[in-house]
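Contents: one structure, followed by commentary.
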Amino acid sequence: MGWYKVTMTPAEVVSGRAILLQDALADLFIRFAGPRDAAMFSSSDVMKNEYFFSPGAVRIAAPIIAAYAGVACEAPKRSELHMLVVNADAEAVSFAPEI
């Protein structure tokens, strides 16, 4: 499994849809005892409204990600993200190389 991304409109974010998605992943994260490779991030570019899911997160939350129209994407660079749901420092998550 690879990375997935959910993109929302500004109206969806304002309506609380992004928080619902984050809460749904957080519930699964707790249920599965915080897998080290499972994480959800947001784009550091606040104008993009993009939410990224590591392969470990996809493994435990594929139906939820699909319900939010998630699509497969390339691994993002760590420097381009903000942590939302992660285990400690996300050391087991594989990002695109920083060049």
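How things are named: the first chain in the structure tokens is A, the next is B, and so on; residues count from 1 in each chain; ligands count from 1 in the order shown.
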List every residue of chain A that DSSP, applied to the backbone, labels as alpha helix (DSSP H), and write the result as a VMD selection string. chain A and resid 10 to 14 17 to 31 55 to 67
Test item: residues at most 6 Å from Lys5 (chain A), only C-alpha atoms, excluding those fewer than 2 positions along its chain, as a ChimeraX atom specification: /A:51-52,70-71
Could you give me, as a compact mmCIF listing (two decimals) with N, CA and C atoms, in the first residue's frame, the residues within 10 Å of Arg59 (chain A), counting only C-alpha atoms and dropping anything in the same chain fewer than 6 positions from it?
```
# COMPACT_ATOMS: atom_id res chain seq x y z
N MET A 1 0.83 -1.19 0.00
CA MET A 1 0.00 0.00 0.00
C MET A 1 0.87 1.24 0.00
N GLY A 2 0.43 2.23 -0.74
CA GLY A 2 1.16 3.48 -0.80
C GLY A 2 0.43 4.59 -0.06
N ASP A 37 3.78 3.12 12.04
CA ASP A 37 3.84 3.54 10.65
C ASP A 37 2.53 4.17 10.15
N ALA A 38 1.56 4.34 11.04
CA ALA A 38 0.28 4.93 10.66
C ALA A 38 0.26 6.39 11.06
N PHE A 53 -2.16 10.43 4.09
CA PHE A 53 -2.22 9.23 4.92
C PHE A 53 -1.08 8.30 4.54
```
Who sits within 10 Å of Ser79 (chain A), only C-alpha atoms, same chain under 4 positions skipped, as a short mmCIF file (atom, residue, chain, number, x, y, z; two decimals) with N, CA and C atoms, in the first residue's frame:
```cif
data_model
loop_
_atom_site.label_atom_id
_atom_site.label_comp_id
_atom_site.auth_asym_id
_atom_site.auth_seq_id
_atom_site.Cartn_x
_atom_site.Cartn_y
_atom_site.Cartn_z
N SER A 43 -1.19 19.33 4.64
CA SER A 43 -0.22 20.10 3.88
C SER A 43 0.16 21.35 4.66
N SER A 44 1.42 21.71 4.60
CA SER A 44 1.85 22.94 5.27
C SER A 44 1.38 24.17 4.50
N PHE A 95 8.91 8.89 4.04
CA PHE A 95 8.58 10.08 3.25
C PHE A 95 9.42 10.12 1.98
N ALA A 96 9.04 11.02 1.07
CA ALA A 96 9.87 11.25 -0.10
C ALA A 96 11.17 11.90 0.36
N PRO A 97 12.26 11.65 -0.34
CA PRO A 97 13.54 12.24 0.07
C PRO A 97 13.53 13.76 -0.06
N GLU A 98 14.18 14.39 0.88
CA GLU A 98 14.37 15.86 0.84
C GLU A 98 15.59 16.13 -0.03
#
```
